[in-house]
Structure formats: C-alpha cells, structure tokens
>>> print(open('final02.cif').read())   # mmCIF, C-alpha atoms
data_protein
loop_
_atom_site.label_atom_id
_atom_site.label_comp_id
_atom_site.auth_asym_id
_atom_site.auth_seq_id
_atom_site.Cartn_x
_atom_site.Cartn_y
_atom_site.Cartn_z
CA MET A 3 6.79 27.55 44.88
CA GLN A 4 5.36 24.57 43.02
CA LEU A 5 7.38 25.47 39.90
CA LEU A 6 10.58 25.69 41.93
CA ASP A 7 9.87 22.27 43.43
CA GLU A 8 9.43 20.85 39.94
CA TYR A 9 12.67 22.48 38.88
CA LYS A 10 14.60 21.00 41.82
CA GLU A 11 13.20 17.56 41.06
CA MET A 12 14.18 17.79 37.39
CA ARG A 13 17.63 19.10 38.30
CA GLN A 14 18.24 16.14 40.57
CA ASP A 15 16.89 13.68 37.98
CA ILE A 16 19.31 15.08 35.40
CA ARG A 17 22.22 14.76 37.81
CA ASP A 18 21.26 11.15 38.49
CA LEU A 19 21.06 10.37 34.76
CA ASN A 20 24.39 12.08 34.12
CA SER A 21 25.99 9.87 36.78
CA LEU A 22 24.57 6.73 35.16
CA ILE A 23 25.75 7.83 31.70
CA LEU A 24 29.25 8.68 32.93
CA GLU A 25 29.59 5.27 34.59
CA ASP A 26 29.68 3.64 31.13
CA VAL A 27 32.23 6.00 29.57
CA GLU A 28 35.57 4.42 28.69
CA LYS A 29 38.84 6.14 29.55
CA SER A 30 39.79 6.44 25.87
CA TYR A 31 36.67 8.51 25.25
CA ILE A 32 37.45 10.78 28.21
CA LEU A 33 40.96 11.35 26.87
CA LYS A 34 39.56 12.08 23.41
CA ALA A 35 37.22 14.70 24.89
CA ALA A 36 40.13 16.23 26.81
CA GLU A 37 42.27 16.36 23.67
CA THR A 38 39.45 18.04 21.73
CA LEU A 39 39.13 20.72 24.41
CA GLY A 40 42.88 21.20 24.75
CA VAL A 41 43.06 20.07 28.40
CA LEU A 42 45.10 16.88 27.91
CA GLU A 43 48.65 17.25 29.24
CA ASN A 44 51.05 14.28 29.27
CA GLY A 45 48.15 11.84 29.31
CA SER A 46 46.30 13.58 32.15
CA VAL A 47 43.22 15.80 32.15
CA VAL A 48 44.09 19.23 33.57
CA LEU A 49 41.16 21.47 34.53
CA GLU A 50 41.37 24.89 36.17
CA SER A 51 38.20 25.06 38.29
CA HIS A 52 35.14 23.17 39.48
CA PRO A 53 32.84 24.91 36.93
CA GLU A 54 35.30 23.91 34.21
CA GLN A 55 35.11 20.33 35.47
CA ASP A 56 31.30 20.49 35.19
CA ALA A 57 31.69 21.77 31.63
CA PHE A 58 34.06 18.91 30.79
CA TYR A 59 31.57 16.32 32.06
CA ASP A 60 28.85 18.09 30.05
CA PHE A 61 30.93 17.66 26.91
CA ILE A 62 31.49 13.97 27.65
CA VAL A 63 27.74 13.40 28.03
CA TYR A 64 26.45 15.54 25.15
CA GLY A 65 29.36 15.86 22.69
CA LYS A 66 28.91 13.73 19.57
CA MET A 67 32.42 12.32 19.34
CA MET A 68 31.58 8.61 19.06
CA ASP A 69 30.61 7.73 15.47
CA GLY A 70 28.70 11.01 15.30
CA LYS A 71 26.76 10.09 18.45
CA SER A 72 26.99 11.20 22.05
CA THR A 73 27.40 8.98 25.09
CA LEU A 74 23.88 10.15 25.93
CA SER A 75 22.59 8.65 22.66
CA HIS A 76 24.46 5.38 23.24
CA TYR A 77 23.04 5.18 26.76
CA MET A 78 19.52 5.63 25.38
CA GLU A 79 20.06 2.85 22.82
CA LYS A 80 21.44 0.41 25.38
CA ASN A 81 18.99 0.96 28.22
CA LEU A 82 15.26 0.34 28.37
CA SER A 83 14.27 3.00 30.84
CA HIS A 84 11.12 4.15 32.58
CA GLU A 85 8.76 6.33 30.52
CA ASP A 86 9.60 9.41 32.64
CA ASP A 87 13.30 8.85 32.04
CA ASP A 88 12.69 8.51 28.29
CA GLN A 89 10.99 11.91 28.19
CA LEU A 90 13.80 13.55 30.14
CA LEU A 91 16.50 11.86 28.06
CA ASN A 92 14.87 13.12 24.86
CA ILE A 93 14.81 16.66 26.25
CA MET A 94 18.52 16.31 27.05
CA LYS A 95 19.23 14.91 23.57
CA ASP A 96 17.49 17.85 21.87
CA SER A 97 19.56 20.46 23.73
CA GLU A 98 22.15 22.70 22.05
CA VAL A 99 24.91 25.05 23.14
CA SER A 100 24.35 28.72 22.29
CA LEU A 101 25.41 32.19 23.38
CA TYR A 102 22.72 34.27 25.12
CA LYS A 103 22.30 37.78 26.49
CA ILE A 104 20.74 38.09 29.94
CA ASP A 105 17.71 40.28 29.27
CA HIS A 106 16.04 40.25 32.70
CA VAL A 107 16.76 38.89 36.18
CA ASP A 108 14.03 38.14 38.72
CA ARG A 109 15.84 37.41 41.98
CA GLU A 110 12.65 36.75 43.93
CA ASN A 111 11.34 34.07 41.57
CA LYS A 112 14.82 32.72 40.73
CA THR A 113 14.40 33.27 36.99
CA ILE A 114 16.49 34.73 34.18
CA ARG A 115 15.21 35.68 30.74
CA LEU A 116 17.72 34.87 28.01
CA ILE A 117 17.83 36.11 24.42
CA ASN A 118 19.66 34.01 21.84
CA VAL A 119 22.42 36.21 20.39
CA ALA A 120 22.16 34.50 17.00
CA ASP A 121 18.37 35.04 16.80
CA SER A 122 16.88 37.73 19.04
CA SER A 123 13.37 36.36 18.46
CA LEU A 124 14.28 33.33 20.58
CA THR A 125 13.81 34.07 24.28
CA HIS A 126 13.75 31.61 27.17
CA GLU A 127 12.64 31.88 30.80
CA VAL A 128 15.29 29.98 32.76
CA ILE A 129 15.16 28.94 36.41
CA ASP A 130 18.51 28.88 38.20
CA LEU A 131 18.83 29.26 41.97
CA SER A 132 22.38 30.63 42.01
CA LEU A 133 22.71 32.55 38.75
CA SER A 134 19.50 34.45 39.41
CA GLN A 135 21.12 35.83 42.56
CA THR A 136 24.50 36.76 41.10
CA VAL A 137 24.27 37.78 37.44
CA THR A 138 23.14 41.14 36.08
CA GLU A 139 21.26 42.16 32.97
CA ASN A 140 23.16 42.40 29.66
CA MET A 141 25.83 39.93 30.74
CA LEU A 142 26.53 37.18 28.20
CA ILE A 143 26.25 33.47 28.91
CA CYS A 144 27.14 30.45 26.82
CA THR A 145 25.13 27.49 28.02
CA ARG A 146 23.15 24.41 27.06
CA LEU A 147 19.42 24.80 27.70
CA LEU A 148 16.97 22.02 28.49
CA HIS A 149 13.39 23.02 27.64
CA PHE A 150 10.47 21.77 29.72
CA GLU A 151 6.80 22.66 29.34
CA SER A 152 6.77 25.45 31.95
CA PHE A 153 10.40 26.56 32.09
CA SER A 154 13.93 26.00 30.87
CA MET A 155 17.10 25.21 32.79
CA THR A 156 20.78 24.95 32.03
CA SER A 157 22.45 21.55 31.82
CA GLY A 158 25.04 22.84 34.28
CA LEU A 159 27.27 24.27 31.56
CA LEU A 160 27.96 27.95 32.32
CA PHE A 161 30.42 30.29 30.61
CA LEU A 162 29.85 33.92 31.63
CA PHE A 163 31.25 36.96 29.80
CA LYS A 164 31.08 40.74 30.11
CA ALA A 165 28.34 42.54 28.18
CA ASP A 166 30.79 44.59 26.14
CA HIS A 167 32.61 41.46 24.88
CA LEU A 168 29.88 40.51 22.40
CA GLU A 169 31.55 41.57 19.16
CA TYR A 170 34.90 40.20 20.33
CA LEU A 171 33.30 36.86 21.21
CA ARG A 172 31.50 36.69 17.88
CA LYS A 173 34.64 37.35 15.86
CA ARG A 174 36.90 35.06 17.87
CA SER A 175 34.40 32.18 18.01
CA ARG A 176 33.81 32.37 14.24
CA LYS A 177 37.54 32.17 13.54
CA MET A 178 37.98 29.27 15.94
CA ILE A 179 34.97 27.36 14.59
CA LYS A 180 36.11 27.87 11.00
CA LYS A 181 39.34 26.03 11.81
CA MET A 182 37.51 22.99 13.25
CA ASN A 183 37.20 20.15 10.76
CA LYS A 184 34.99 17.85 12.84
CA GLY A 185 31.90 18.18 14.99
CA ASN A 186 28.39 19.59 14.70
CA ALA A 187 27.58 23.26 15.21
CA SER A 188 26.70 22.84 18.91
CA ASP A 189 29.91 20.96 19.72
CA LYS A 190 32.01 23.48 17.82
CA ARG A 191 30.45 26.32 19.80
CA PHE A 192 31.16 24.42 23.00
CA VAL A 193 34.85 23.99 22.14
CA ALA A 194 35.23 27.63 21.07
CA TYR A 195 33.58 29.07 24.18
CA PHE A 196 35.34 26.63 26.50
CA LYS A 197 38.65 28.04 25.27
CA LEU A 198 37.41 31.65 25.28
CA ASN A 199 36.16 31.17 28.84
CA ARG A 200 39.65 30.25 30.00
CA LYS A 201 40.98 33.59 28.80
CA ASP A 202 38.04 36.01 29.05
CA GLY A 203 35.34 34.34 31.16
CA LEU A 204 33.86 35.55 34.44
CA PRO A 205 33.57 33.37 37.58
CA THR A 206 30.27 31.52 38.03
CA ALA A 207 28.39 30.66 41.22
CA MET A 208 27.84 27.05 42.20
CA GLU A 209 24.23 25.95 42.54
CA ASP A 210 22.69 24.33 45.58
CA VAL A 211 19.51 22.35 44.83
CA GLU A 212 18.47 22.01 48.47
#
>>> encode(input="final02.cif", output="structure tokens")
Amino acid sequence: MQLLDEYKEMRQDIRDLNSLILEDVEKSYILKAAETLGVLENGSVVLESHPEQDAFYDFIVYGKMMDGKSTLSHYMEKNLSHEDDDQLLNIMKDSEVSLYKIDHVDRENKTIRLINVADSSLTHEVIDLSLSQTVTENMLICTRLLHFESFSMTSGLLFLFKADHLEYLRKRSRKMIKKMNKGNASDKRFVAYFKLNRKDGLPTAMEDVE
C-alpha cells in the first residue's frame, strides 16, 4: 500500500506541474501543436474525446516545438523551483514516447509489465489504477513513461491498440515518420500514433487518483 500511496502523490504532483506549465503557454504555440497533430480546423482545435484532449496537452508540455525545446524545458529555465520539483521535472524531461506490449497484468497490485516493442530487453513495471483493471495481456500501448526509483508510470498519454495490429502499426508508423521533416524521434512517434489512434485505437479508461 505504501508504494501505491507514493504513486498517487507523484501522480498529483505531475498534474500540478502540468497545470503550472500550461499556464505559461501562448495561444500561438497551442495552435502550432494542433496544426502539427492535424486537429486545427478553421483556427479552432477540434478533439474527439477526453483521452485525446489529455494527449494533446501532453504534446504541448513535452513536444519540442519551440526552438528545439519543450514548454517543459522553458518552464525549468524560467523557474527556480524546490529541490523535489527539480527532481520530478528532470524525470519528466527524460521521458520518451514508445510503443509497448502489455506482458503481464496484476489487477490486485495495480501494476502492468510493459515490453518495449523496439527493444524486447527493455521491460518496465508500471503502476496505473485504471489500466490495470481494464487492459489484457498482449495488447499494445503507445505511451510516455516516467521512471522513478521503485516504479514507472505513464504521463497520462495512452493510445491502446489490438495485439494483432503490431505489424500494421510498425509499417504505417514508419511510413508516416519518414514523411516528417521536423521533430525528434519521440515527437515523431507521438504524431504518428496520435493519428493512428484516431483510426485504429481502442477506448481507454480514465484514471481516478483518489
């Protein structure tokens, strides 16, 4: 139970930091993010679901669209924060978007073991209160992981796909990424899987941290 309490505390701290970071984001940057993801229509951001909205905010915080830096990086440069915040911000800054296979689900302990599709030697024990109750083994998930000493968690970004879609997702994402002229590897994966999720993704459960 102590580990779950730590997880809930870290989850809330991340949400609080995300809110602070988003407060400083200019409208022009939001529109640029929307254009990059293909959700800008007649000057307005058009999103299809609440999880997609969470993903959009994730891209605004972590995507490196401002002089090769993210709004997260700019926030860190502008603000002298508490030592605990610095540690958490650095964990957030080091995160990347990847595609994973769900190898094992422990519903009792609220954990999911993920295997990185690009490198099967990379496995992560992830705590997630909702996903651990709804997903099944072998499903695919594109997410951003934050790695702490005792566990990992998602940033809130969740794109779920059927297990038998792996080769399709690999081929389609490679083609889409190849056409992108700008962005780092993590951002390109985000854009590709954001668009693939709209067509082929599965619904995701919302998480309650209480």
>>> atom_distance(input="final02.cif", atom1="atom CA of Met141 of chain A", atom2="atom CA of Ala165 of chain A")
4.4 Å
>>> atom_distance(input="final02.cif", atom1="atom CA of Leu22 of chain A", atom2="atom CA of Glu43 of chain A")
26.9 Å
>>> residues_around(input="final02.cif", residues="Lys190 of chain A", least_positions_apart="4", cutoff="12 Å", atoms="only C-alpha atoms", output="list in words")
Thr38, Leu39, Phe61, Gly65, Lys66, Met67, Glu98, Val99, Ser100, Ser175, Arg176, Lys177, Met178, Ile179, Lys180, Lys181, Met182, Asn183, Lys184, Gly185, Asn186, Ala194, Tyr195, Phe196 and Lys197 of chain A
>>> resolve_selection(input="final02.cif", expression="the PyMOL selection byres ((chain A and resi 167) around 12)", output="ChimeraX atom specification")
/A:101,103,140-143,162-166,168-175,198-199,202-204
>>> resolve_selection(input="final02.cif", expression="the PyMOL selection byres ((chain A and resi 116) around 7)", output="PyMOL selection string")
chain A and resi 102-105+114-115+117-118+125-127
>>> atom_distance(input="final02.cif", atom1="atom CA of Arg146 of chain A", atom2="atom CA of Asp60 of chain A")
9.0 Å
>>> closest_residue(input="final02.cif", among="A:Val119, A:Glu28, A:Leu90, A:Thr113", to="Glu11 of chain A", atoms="all atoms listed in the file")
A:Leu90
>>> closest_residue(input="final02.cif", among="A:Val193, A:Leu19, A:Cys144, A:Ala57", to="Asp88 of chain A", atoms="all atoms listed in the file")
A:Leu19
>>> closest_residue(input="final02.cif", among="A:Ala35, A:Val128, A:Val48, A:Leu6", to="Leu148 of chain A", atoms="all atoms listed in the file")
A:Val128
>>> closest_residue(input="final02.cif", among="A:Asp18, A:Asp130, A:Asp26, A:Glu37", to="Leu147 of chain A", atoms="all atoms listed in the file")
A:Asp130
>>> axis_aligned_box(input="final02.cif", around="segment 178-196 of chain A", padding_each_side="3 Å", output="AutoDock Vina command-line options")
--center_x 33.0 --center_y 23.6 --center_z 18.6 --size_x 18.6 --size_y 17.4 --size_z 21.7
>>> closest_residue(input="final02.cif", among="A:Ser157, A:Ser51, A:Ser152, A:Gln89", to="Val63 of chain A", atoms="all atoms listed in the file")
A:Ser157
>>> closest_residue(input="final02.cif", among="A:Thr138, A:Ser72, A:Thr206, A:Ser97", to="Asp56 of chain A", atoms="only C-alpha atoms")
A:Thr206
